[in-house]
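Let me begin by presenting the structure, written as structure tokens, before commenting on it.
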Amino acid sequence: MSEILSKQQLKSKETKAKIFRAAKHILQKHGYEALSIKNICEEAGVSNGSFYHHFKTKDDLLSYYIEEQPNINPDLLDIPKSADEVKSAIVYVYLNYVHYCQELGVEFMANYYTPNPLIRTERPYPIVTVHNYLQKCIGAGIISPNQDIEDITTDIRMIVIGNVFEWCLKEGNADFEGNMKRSLESYMNGV
């Protein structure tokens with residue numbers, strides 16, 4: 001049953017979406033250097049107060065921006081029939097993340113990861129998805145990993161961040177998708 005939103009809640013949600021779209025437009029058209037609160041507010045047609053009502057800082061907005069990547073269809077992460085299907089599903093989640101990073105662009109991702117690593121959330125969307133999926137697969141007896149689930153998701157997160165950094169360091173001239181797929185598959189084969 002979906003929650004019915006008040007007029008004020010709807011307006012607030014619409015304002016947040018306008019700010020988000022404005023930031024995305026500025027990033028895509030003008031790059032990270034043009035992304036300022038002033039420019040975001042002008043582009044969105046909102047006041048600075050509205051911005052600060054929804055986001056503490058520009059970095060808070062950037063963190064939200066990363067978290068709002070396209071979600072994976074939950075049907076694709078149903079209980080698999082085999083360990084190979086588990087591995088394929090996990091790789092699929094992160095290839096989706098690769099495509100989102102590519103959409104955001106090298107400049108955005110490099111700036112997201114380097115200016116202030118504290119803006120990143122501890123458990124971003126892909127890791128939570130994979131963690132929950134692994135729990136479901138272990139509970140169903142599909143897989144019996146030889147490591148703790150927290151260690152597995154930490155290792156995967158480090159592999160993913162390493163691939164993002166490599167892609168950024170090479171200014172987009174790396175086989176981002178191929179490297180991500182290969183390194184995750186190699187890791188998952190050992191787990």
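Chains: A, B, ... in order of the structure tokens. Residues: from 1 per chain. Ligands: from 1, in order shown.
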Give the alpha helix (DSSP H) residues of chain A, as DSSP finds them on the backbone, and put them as a ChimeraX atom specification.
/A:7-30,37-44,48-54,58-67,83-104,106-113,125-139,149-169,176-190
Please provide the set of residues having any atom within 8 Å of region 131-140 of chain A, restricted to only C-alpha atoms, with same-chain residues fewer than 6 positions apart removed, written as a ChimeraX atom specification.
/A:77,79-80,86,149-150,153
Store the residues picked out above in a file with N, CA and C atoms, as a PDB file, in the first residue's frame.
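New file result07.pdb:
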```pdb
ATOM      1  N   LEU A  77      16.870 -10.608  -9.697  1.00  0.00           N
ATOM      2  CA  LEU A  77      17.613 -11.075  -8.537  1.00  0.00           C
ATOM      3  C   LEU A  77      16.786 -12.041  -7.690  1.00  0.00           C
ATOM      4  N   ILE A  79      15.660 -15.902  -6.536  1.00  0.00           N
ATOM      5  CA  ILE A  79      16.503 -17.027  -6.138  1.00  0.00           C
ATOM      6  C   ILE A  79      16.973 -17.765  -7.394  1.00  0.00           C
ATOM      7  N   PRO A  80      18.290 -17.884  -7.560  1.00  0.00           N
ATOM      8  CA  PRO A  80      18.831 -18.557  -8.746  1.00  0.00           C
ATOM      9  C   PRO A  80      18.798 -20.072  -8.585  1.00  0.00           C
ATOM     10  N   VAL A  86      24.270 -17.049  -9.484  1.00  0.00           N
ATOM     11  CA  VAL A  86      24.549 -16.058  -8.438  1.00  0.00           C
ATOM     12  C   VAL A  86      25.660 -15.128  -8.917  1.00  0.00           C
ATOM     13  N   ILE A 149      29.958 -13.115   4.842  1.00  0.00           N
ATOM     14  CA  ILE A 149      29.294 -12.252   3.861  1.00  0.00           C
ATOM     15  C   ILE A 149      29.804 -10.810   3.931  1.00  0.00           C
ATOM     16  N   GLU A 150      30.125 -10.328   5.126  1.00  0.00           N
ATOM     17  CA  GLU A 150      30.665  -8.963   5.256  1.00  0.00           C
ATOM     18  C   GLU A 150      32.015  -8.850   4.564  1.00  0.00           C
ATOM     19  N   THR A 153      31.367  -8.816   0.703  1.00  0.00           N
ATOM     20  CA  THR A 153      30.882  -7.532   0.174  1.00  0.00           C
ATOM     21  C   THR A 153      31.942  -6.440   0.293  1.00  0.00           C
TER      22      THR A 153
END
```
I'd like the neighbourhood of Met109 (chain A) as a PyMOL selection string, where a residue qualifies if any of its atoms comes within 10 Å (using only C-alpha atoms), though same-chain residues fewer than 2 positions away should be ignored.
chain A and resi 32+62+66+101-107+111-114+164-165+167-168
Can those selected residues be exported to a file as a short mmCIF file (atom, residue, chain, number, x, y, z; two decimals), in the first residue's frame so that it contains C-alpha atoms?
```cif
data_model
loop_
_atom_site.label_atom_id
_atom_site.label_comp_id
_atom_site.auth_asym_id
_atom_site.auth_seq_id
_atom_site.Cartn_x
_atom_site.Cartn_y
_atom_site.Cartn_z
CA TYR A 32 32.15 19.46 -12.50
CA LEU A 62 26.73 14.48 -5.14
CA ILE A 66 25.41 8.53 -7.04
CA CYS A 101 29.36 5.75 -14.06
CA GLN A 102 29.93 6.10 -17.79
CA GLU A 103 26.74 8.13 -18.08
CA LEU A 104 27.94 10.44 -15.32
CA GLY A 105 31.35 10.70 -16.96
CA VAL A 106 34.98 10.35 -15.93
CA GLU A 107 35.25 13.92 -14.65
CA ASN A 111 35.76 14.42 -8.56
CA TYR A 112 33.25 12.37 -6.60
CA TYR A 113 35.90 10.01 -5.29
CA THR A 114 38.79 12.41 -4.76
CA VAL A 164 36.46 2.99 -11.03
CA PHE A 165 39.82 4.52 -10.06
CA TRP A 167 39.02 4.05 -15.38
CA CYS A 168 39.34 7.58 -13.99
#
```
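Remark: for Lys58 (chain A), the closest of the candidate residues A:Gly31, A:Leu95, A:Ala174, A:Ala23 is A:Ala23 (distances computed over only C-alpha atoms).
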Contacts of Lys38 (chain A) at 10 Å (only C-alpha atoms; same-chain gap of 5+ positions) as a PDB file with N, CA, C and O atoms, in the first residue's frame:
```pdb
ATOM      1  N   GLU A  43      19.655  27.168 -12.174  1.00  0.00           N
ATOM      2  CA  GLU A  43      19.182  26.205 -13.167  1.00  0.00           C
ATOM      3  C   GLU A  43      17.841  25.592 -12.746  1.00  0.00           C
ATOM      4  O   GLU A  43      16.953  25.391 -13.569  1.00  0.00           O
ATOM      5  N   ALA A  44      17.698  25.293 -11.453  1.00  0.00           N
ATOM      6  CA  ALA A  44      16.474  24.664 -10.955  1.00  0.00           C
ATOM      7  C   ALA A  44      15.348  25.658 -10.708  1.00  0.00           C
ATOM      8  O   ALA A  44      14.194  25.262 -10.576  1.00  0.00           O
ATOM      9  N   VAL A  46      15.148  27.591  -7.989  1.00  0.00           N
ATOM     10  CA  VAL A  46      14.810  27.512  -6.563  1.00  0.00           C
ATOM     11  C   VAL A  46      15.754  28.420  -5.781  1.00  0.00           C
ATOM     12  O   VAL A  46      16.813  28.823  -6.272  1.00  0.00           O
ATOM     13  N   SER A  47      15.383  28.722  -4.559  1.00  0.00           N
ATOM     14  CA  SER A  47      16.219  29.562  -3.701  1.00  0.00           C
ATOM     15  C   SER A  47      17.323  28.729  -3.046  1.00  0.00           C
ATOM     16  O   SER A  47      17.232  27.498  -2.994  1.00  0.00           O
ATOM     17  N   ASN A  48      18.336  29.427  -2.549  1.00  0.00           N
ATOM     18  CA  ASN A  48      19.393  28.743  -1.803  1.00  0.00           C
ATOM     19  C   ASN A  48      18.799  28.017  -0.594  1.00  0.00           C
ATOM     20  O   ASN A  48      19.254  26.929  -0.240  1.00  0.00           O
ATOM     21  N   PHE A  51      17.529  24.727  -1.542  1.00  0.00           N
ATOM     22  CA  PHE A  51      18.640  23.783  -1.708  1.00  0.00           C
ATOM     23  C   PHE A  51      19.047  23.229  -0.348  1.00  0.00           C
ATOM     24  O   PHE A  51      19.144  22.017  -0.153  1.00  0.00           O
TER      25      PHE A  51
END
```
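Pairwise distance (CA of Glu177 (chain A), CA of Leu27 (chain A)) equals 22.2 Å.
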Have a look at CA of Asn39 (chain A) and CA of His53 (chain A) and let me know their distance in Å, one decimal.
16.6 Å
So what do you get for CA of Ile19 (chain A) versus CA of Ile40 (chain A), distance-wise?
6.6 Å
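Compared by their closest atoms to Gln147 (chain A), and using only C-alpha atoms, the residues A:Ala22, A:Val130, A:Val191, A:Leu184 rank with A:Val191 nearest.
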